[in-house]
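Below: one structure, written as structure tokens.
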Amino acid sequence: MGFYFAQALTGLASASSLFLVAAGLSLIFGVTRVVNFAHGSLYMIGAYVAMDVIGLFGKVPGFWLALPVAALVSAVVGGLIEVTVLRRIYRAPEMFQLVATFAIVLIAQDVAEWIWGVADRFGPRAPGLSGVVTIFGERIPEYDLFLIAMGPITLFLLWLLFARTRFGVLVRAATQDREMAAALGVDQAKLFTAVFCLGAGLAGLGGAMQVPRDAVTLTMDLEIIAEVFVITVVGGMGSIPGAYLAAILISELNAFGILILPEITLIVAFAAMAVVLVIRPYGLLGRPPSAPETPPGPGIGTLRLPAKVWFGLLAVMMILPFFADDFMTVLIIDIMILGMFAMSLQFLMGPGGMVSFGHAAYFGVGAYGAALLVYHLDAGMGWALAVAPVAAAAAALFFGWFCVRLSGVYLAMLTLAAAQIVWAAATQMQGLTGGDDGITGVWPTKLFSDGTAFYYLALSFAVIAVIVLRQATRSPFGRALTAARDAPLRAEALGINVQNQQWMAFTLAGTVAGLAGGLYVFKKGSVFPDVLAIQQSVDALIMVLLGGVDVLAGALIGATTFVVLEDVFNQFEAWRSMLGGVILLIAMLAPGGMAGLGTLIRRRKAA
Amino acid sequence: MAEMMLQVAGLTAGYGPATVLHGLDFSLAQGDSMALLGRNGAGKSTTIKAIMGMVRREATDLRFEGQSLTRLPPQKIARLGVGYVPEERRIFPELTVAENLEVGRRPARSDAPEWPEKRLYDLFPELHAMRDRRAGRMSGGEQQMLTIARTLAGNPRILLLDEPAEGLAPVVLDRIADTVATLRDEGLTLLIAEQSLGFAAEVASRCVVLESGQIAHEGSMQELAADSALRDRLLSV
């Protein structure tokens with residue numbers, strides 16, 4: 001009995017930090033409609049700043065000074081991010097906002113590494129709370145009790161702020177109808193900055209509060225963000241009490257889930273999320289999002305590559321190996337594999353209108369499917385490549401069923417959570433997947449071990465992918481999908497089963513991604529959990545963004561640009577920041593991507 | 001012309017690629033009350049939204065008390081004393097009545113009458129009884145009162161009303177018309193986009209009739225009310 005009680009208290013203590021970070025994210029989303037990926041970075045900054053303050057002033061009074069200072073520093077950094085970046089992209093499509101905030105994550109990682117170094121840091125116990133109390137015969141850390149109290153205290157203070165102050169009233173008004181609030185003279189720009197500072201400050205405080213419990217690392221930003229996404233989705237985006245409930249629910253499930261399924265606790269959280277979302281699609285205390293202010297119009301890019309251009313491209317690709325050296329050939333194989341991956345995402349996002357932040361799940365399942373077959377069953381490359389898309393399709397079919405029940409950012413966050421599950425499974429199920437050591441020695445059969453032969457294999461797969469996705473886009477299925485994207489209610493009224501169409505599209509996109517993943521394994525000869533990580537999903541998004549989301553060919557242009565950029569940037573230490581900078585520039589300057597750029601220029605000239 | 005409060009010259013505006021208004025010219029002096037009339041889709045609401053800076057404007061000279069509004073965002077225009085009462089009320093449904101009024105509140109200004117809370121509740125005693133009720137749970141008529149009161153809380157110098165009579169029961173309509181007429185008599189400048197001729201005749205002295213985004217007629221409200229042939233030509237469907 002006592003043990004379970006102690007376990008429940010541990011869960012409650014973990015919930016507090018998560019709640020603070022999630023409340024900040026939810027708050028920012030409620031007012032600005034931006035899902036701030038960089039929220040994890042602000043949490044990380046809070047933790048590092050707390051360590052610095054403790055280092056400077058000693059444990060006493062350092063630790064107690066660290067909490068407000070960390071909150072303040074994160075708030076200021078958040079304010080700077082809002083003013084310099086987010087303010088410019090409030091009107092951009094969701095994908096751009098998500099990718100732009102991810103670019104900030106990349107830059108923040110470099111800056112954090114530069115300031116604080118790569119070594120993990122371990123904070124001291126909280127002074128005055130370093131002891132334990134005995135409850136029901138179990139020893140409970142005093143600091144846990146402090147954390148448990150911080151949750152309701154913060155909730156109460158936030159409630160006071162929003163219910164009892166003019167600032168709170170204005171924030172709530174702007175959450176419901178920004179345009180109307182502005183027409184009444186409410187200065188949105190200041191309000192948004194203030195809300196962003198507040199949300200960022202909460203994240204920083206959450207980070208500082210974790211210092212006595214966890215190591216401070218450079219990866220804590222993305223580690224927390226997936227969990228926080230789950231909490232905000234379960235609690236209901238924009239609802240702070242919802243975030244508290246969900247933080248407790250998920251933390252308790254984690255605390256007890258670890259007793260049942262010690263290897264894959266995230267699966268428990270995901271299962272909980274799935275149940276909640278099936279019953280309440282907008283979370284425990286969330287509401288359906290109000291209709292977007294400007295309905296999505298026709299895409300910017302109207303560039304459609306006619307068949308003869310595709311054939312021309314194919315002809316060039318056919319003869320290319322005769323002119324390219326080995327290095328070039330390998331680079332082009334990379335481009336083709338990533339191009340297939342990006343095209344499958346383009347299909348999902350363009351015609352399908354579904355932004356996935358976890359598309360790597362299907363690429364990775366394809367890759368692991370092929371690798372596991374070779375490694376454990378000694379299967380040949382043919383079998384492995386056949387199984388890769390099938391395994392990915394099965395995964396997409398499963399996760400897609402949940403995802404298509406939502407739309408917009410909710411869907412994006414759910415896809416990310418799904419990908420994190422698969423990633424966690426790959427890292428934690430060491431017996432099967434080798435964990436972080438991955439699976440190595442997966443080489444193609446003799447016939448394709450030659451670079452040129454493999455090139456033609458990749459090319460033929462890429463051709464199949466182009467044909468399948470192009471035909472799917474232009475088929476009645478693709479038209480129905482686009483109709484469902486532009487006007488879901490009207491499409492329903494016409495007899496289109498929107499969810500079914502989207503489910504099929506999700507599965508098709510997953511299948512093609514899986515095929516790309518299968519090829520990838522044989523090209524690299526190995527697979528690691530990286531192929532399932534957030535970074536991999538974001539890479540695909542960046543490619544689609546670079547090329548333009550409106551055309552299939554955009555994904556290929558994007559993949560080419562991406563591979564070349566990466567090759568160039570890799571020589572520099574700060575390559576992540578450079579990549580982030582490029583993404584920010586594109587998101588702010590050319591929201592149609594490169595394929596859309598042509599249209600944009602033509603339109604400028606015509607005007 | 002120099003003493004005109006609101007001057008609109010060559011107002012051209014629209015949504016996305018579509019242009020709805022094609023060069024409107026009109027102006028209001030302090031204390032004027034003007035109705036914008038016209039059939040559905042003539043551009044009445046767009047005119048109001050264009051003045052507020054809520055739709056795309058081009059080739060326009062818009063002036064309020066001599067200051068150009070053309071490049072200002074809605075919140076700056078509102079802060080100059082332009083009060084906007086939106087179409088379909090757009091109250092904040094999750095906020096209480098008192099909180100809705102709080103959102104509209106602006107500091108007192110020397111050049112406009114002040115509307116402290118008490119005066120708003122004197123104008124609409126119904127609202128006082130519902131101060132703590134969530135606005136989303138009020139009737140359409142009550143919401144219409146709230147949306148007017150909310151804008152008045154900003155102590156405006158001019159009131160732009162977008163279809164205030166739309167969807168209201170006749171008895172509520174009379175109540176709103178009386179109130180707006182009172183505001184006019186107290187000297188508040190009014191610009192009202194309206195479908196209902198009866199309502200417009202009660203609250204406005206002048207009118208501009210729009211047709212396909214252009215001014216088809218301009219004159220006194222009395223003249224329009226008296227001339228049924230003119231009315232048929234301009235407004236009958």
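For the structure tokens, the naming scheme is as follows: chains receive sequential letters (A, B, ...) according to their order of presentation, residues are indexed from 1 within each chain, and ligands are indexed from 1 in presentation order.
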Practice item. Would you list the contacts of range 18-22 of chain A as JSON, numbers by chain, taking every protein, DNA or RNA residue within 9 Å and counting only C-alpha atoms, but skipping same-chain residues closer than 6 positions in sequence? Key: {"A": [39, 40, 43, 151, 154, 155, 199, 200, 201, 202, 203, 204, 205, 206, 207, 224, 225, 227, 228, 229, 231, 232, 240, 243, 244, 245, 246, 247, 248, 251]}
What does the file look like for those residues with C-alpha atoms, as a PDB file, in the first residue's frame?
ATOM      1  CA  HIS A  39       9.187  25.670 -25.943  1.00  0.00           C
ATOM      2  CA  GLY A  40      11.457  22.789 -25.030  1.00  0.00           C
ATOM      3  CA  TYR A  43      12.754  24.840 -20.699  1.00  0.00           C
ATOM      4  CA  GLY A 151       1.370  22.677  -9.362  1.00  0.00           C
ATOM      5  CA  THR A 154       0.816  27.974 -10.165  1.00  0.00           C
ATOM      6  CA  LEU A 155      -2.624  26.963 -11.361  1.00  0.00           C
ATOM      7  CA  GLY A 199       4.569  31.193 -21.455  1.00  0.00           C
ATOM      8  CA  ALA A 200       8.336  31.172 -21.914  1.00  0.00           C
ATOM      9  CA  GLY A 201       8.834  32.151 -18.288  1.00  0.00           C
ATOM     10  CA  LEU A 202       6.714  29.212 -17.168  1.00  0.00           C
ATOM     11  CA  ALA A 203       8.863  26.902 -19.293  1.00  0.00           C
ATOM     12  CA  GLY A 204      12.024  28.366 -17.769  1.00  0.00           C
ATOM     13  CA  LEU A 205      10.674  27.938 -14.262  1.00  0.00           C
ATOM     14  CA  GLY A 206       9.724  24.360 -15.105  1.00  0.00           C
ATOM     15  CA  GLY A 207      13.294  23.743 -16.265  1.00  0.00           C
ATOM     16  CA  ILE A 224      10.288  17.077 -22.994  1.00  0.00           C
ATOM     17  CA  ILE A 225       8.517  18.501 -26.016  1.00  0.00           C
ATOM     18  CA  GLU A 227       5.586  14.601 -23.659  1.00  0.00           C
ATOM     19  CA  VAL A 228       4.336  18.174 -23.413  1.00  0.00           C
ATOM     20  CA  PHE A 229       2.608  17.850 -26.767  1.00  0.00           C
ATOM     21  CA  ILE A 231      -0.248  16.637 -22.374  1.00  0.00           C
ATOM     22  CA  THR A 232      -1.584  19.678 -24.205  1.00  0.00           C
ATOM     23  CA  ILE A 240      -4.662  25.581 -18.501  1.00  0.00           C
ATOM     24  CA  ALA A 243      -3.009  20.953 -18.934  1.00  0.00           C
ATOM     25  CA  TYR A 244      -2.889  20.355 -15.172  1.00  0.00           C
ATOM     26  CA  LEU A 245      -5.293  17.425 -15.292  1.00  0.00           C
ATOM     27  CA  ALA A 246      -3.476  15.896 -18.221  1.00  0.00           C
ATOM     28  CA  ALA A 247      -0.056  16.406 -16.642  1.00  0.00           C
ATOM     29  CA  ILE A 248      -1.240  14.498 -13.578  1.00  0.00           C
ATOM     30  CA  SER A 251       2.617  11.417 -14.973  1.00  0.00           C
TER      31      SER A 251
END
Point to revise | Distance-based interface of chain B with chain A, 10 Å, counting only C-alpha atoms, as an NGL selection string | key: :B and (16 or 49 or 52-54 or 73-86 or 89-96 or 99-100 or 102-106 or 150-154)
**Study point:** For CA of Leu285 in chain A and CA of Gly235 in chain A, the interatomic separation in Å (one decimal)
**Key:**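 We find that CA of Leu285 in chain A and CA of Gly235 in chain A lie 5.8 Å from each other.
For the atom pair formed by CA of Gly41 in chain B and CA of Leu6 in chain B, the distance is 23.4 Å, given to one decimal.
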Point to revise | All residues 9 Å or closer to Val233 in chain A, only C-alpha atoms, same chain fewer than 4 positions away omitted, as a ChimeraX atom specification | key: /A:228-229,237,243,246,273,277,281-284,286,410,413-414
So that I can check the secondary structure, give me every residue of range 130-162 of chain B assigned strand (DSSP E) by backbone DSSP, as a PDB file with N, CA and C atoms, in the first residue's frame.
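Now in part12.pdb:
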ATOM      1  N   ILE B 158     -16.938  58.684 -33.179  1.00  0.00           N
ATOM      2  CA  ILE B 158     -17.846  58.316 -34.262  1.00  0.00           C
ATOM      3  C   ILE B 158     -18.183  56.842 -34.076  1.00  0.00           C
ATOM      4  N   LEU B 159     -19.382  56.460 -34.456  1.00  0.00           N
ATOM      5  CA  LEU B 159     -19.791  55.063 -34.312  1.00  0.00           C
ATOM      6  C   LEU B 159     -20.069  54.502 -35.700  1.00  0.00           C
ATOM      7  N   LEU B 160     -19.387  53.420 -36.046  1.00  0.00           N
ATOM      8  CA  LEU B 160     -19.671  52.730 -37.299  1.00  0.00           C
ATOM      9  C   LEU B 160     -20.476  51.479 -36.958  1.00  0.00           C
ATOM     10  N   LEU B 161     -21.725  51.430 -37.392  1.00  0.00           N
ATOM     11  CA  LEU B 161     -22.555  50.265 -37.060  1.00  0.00           C
ATOM     12  C   LEU B 161     -22.784  49.430 -38.307  1.00  0.00           C
ATOM     13  N   ASP B 162     -22.453  48.147 -38.210  1.00  0.00           N
ATOM     14  CA  ASP B 162     -22.594  47.262 -39.359  1.00  0.00           C
ATOM     15  C   ASP B 162     -23.820  46.370 -39.165  1.00  0.00           C
TER      16      ASP B 162
END
Practice item. Tell me, in Å to one decimal, how far CA of Leu230 in chain B is from CA of Thr47 in chain B. Key: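 Interatomic distance, CA of Leu230 in chain B to CA of Thr47 in chain B: 22.4 Å.
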Exercise for review: Give the helix (DSSP H, G or I) residues of range 160-287 of chain A, as DSSP finds them on the backbone, and put them as an NGL selection string.
Suggested key: :A and (160-164 or 166-176 or 178-183 or 188-210 or 220-235 or 240-260 or 265-279)
**Study point:** Nearest to Ala59 in chain B, chosen from B:Thr19, B:Thr179, B:Gln195, B:Ser33, with only C-alpha atoms counted in the distances
**Key:**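 Looking only at the distances to Ala59 in chain B, the closest residue turns out to be B:Thr19.
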Practice item. Name all residues at most 8 Å from Thr46 in chain B (count only C-alpha atoms; drop same-chain ones fewer than 3 positions away) and give them as a ChimeraX atom specification. Key: /B:13-14,20-21,43,49-50,55
Could you write out that same residue set with N, CA and C atoms as a compact mmCIF listing (two decimals), in the first residue's frame?
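New file out-v9.txt:
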# COMPACT_ATOMS: atom_id res chain seq x y z
N ALA B 13 -11.53 48.75 -52.28
CA ALA B 13 -11.16 47.72 -51.32
C ALA B 13 -11.75 46.38 -51.73
N GLY B 14 -11.23 45.32 -51.14
CA GLY B 14 -11.74 43.99 -51.47
C GLY B 14 -11.08 42.92 -50.64
N VAL B 20 -14.15 44.73 -54.28
CA VAL B 20 -15.57 44.87 -54.00
C VAL B 20 -16.03 46.32 -54.13
N LEU B 21 -15.18 47.24 -53.69
CA LEU B 21 -15.53 48.67 -53.74
C LEU B 21 -14.69 49.35 -54.81
N GLY B 43 -21.76 46.14 -50.97
CA GLY B 43 -20.48 46.61 -50.41
C GLY B 43 -20.63 47.43 -49.15
N LYS B 49 -15.75 47.94 -42.96
CA LYS B 49 -14.52 47.22 -42.61
C LYS B 49 -13.30 47.90 -43.22
N ALA B 50 -13.48 48.49 -44.39
CA ALA B 50 -12.34 49.17 -45.03
C ALA B 50 -11.95 50.39 -44.22
N VAL B 55 -10.04 45.15 -44.06
CA VAL B 55 -9.93 44.49 -45.37
C VAL B 55 -8.86 45.21 -46.17
Revision key, fill the gap. Residue with the minimum atom-to-atom distance to Ser236 in chain B, picked from B:Leu120, B:Ala193, B:Leu69, B:Leu37 with only C-alpha atoms counted, is B:Leu37
Exercise for review: Find, counting only C-alpha atoms, the residue in A:Ala509, A:Val216, A:Ile333, A:Ala23 that gets nearest to Trp159 in chain A.
Suggested key: A:Ala23
Point to revise | Ile140 in chain A environment, 10 Å, only C-alpha atoms, sequence neighbours closer than 2 positions dropped, as a VMD selection string | key: chain A and resid 5 to 7 9 to 10 131 to 138 142 to 145
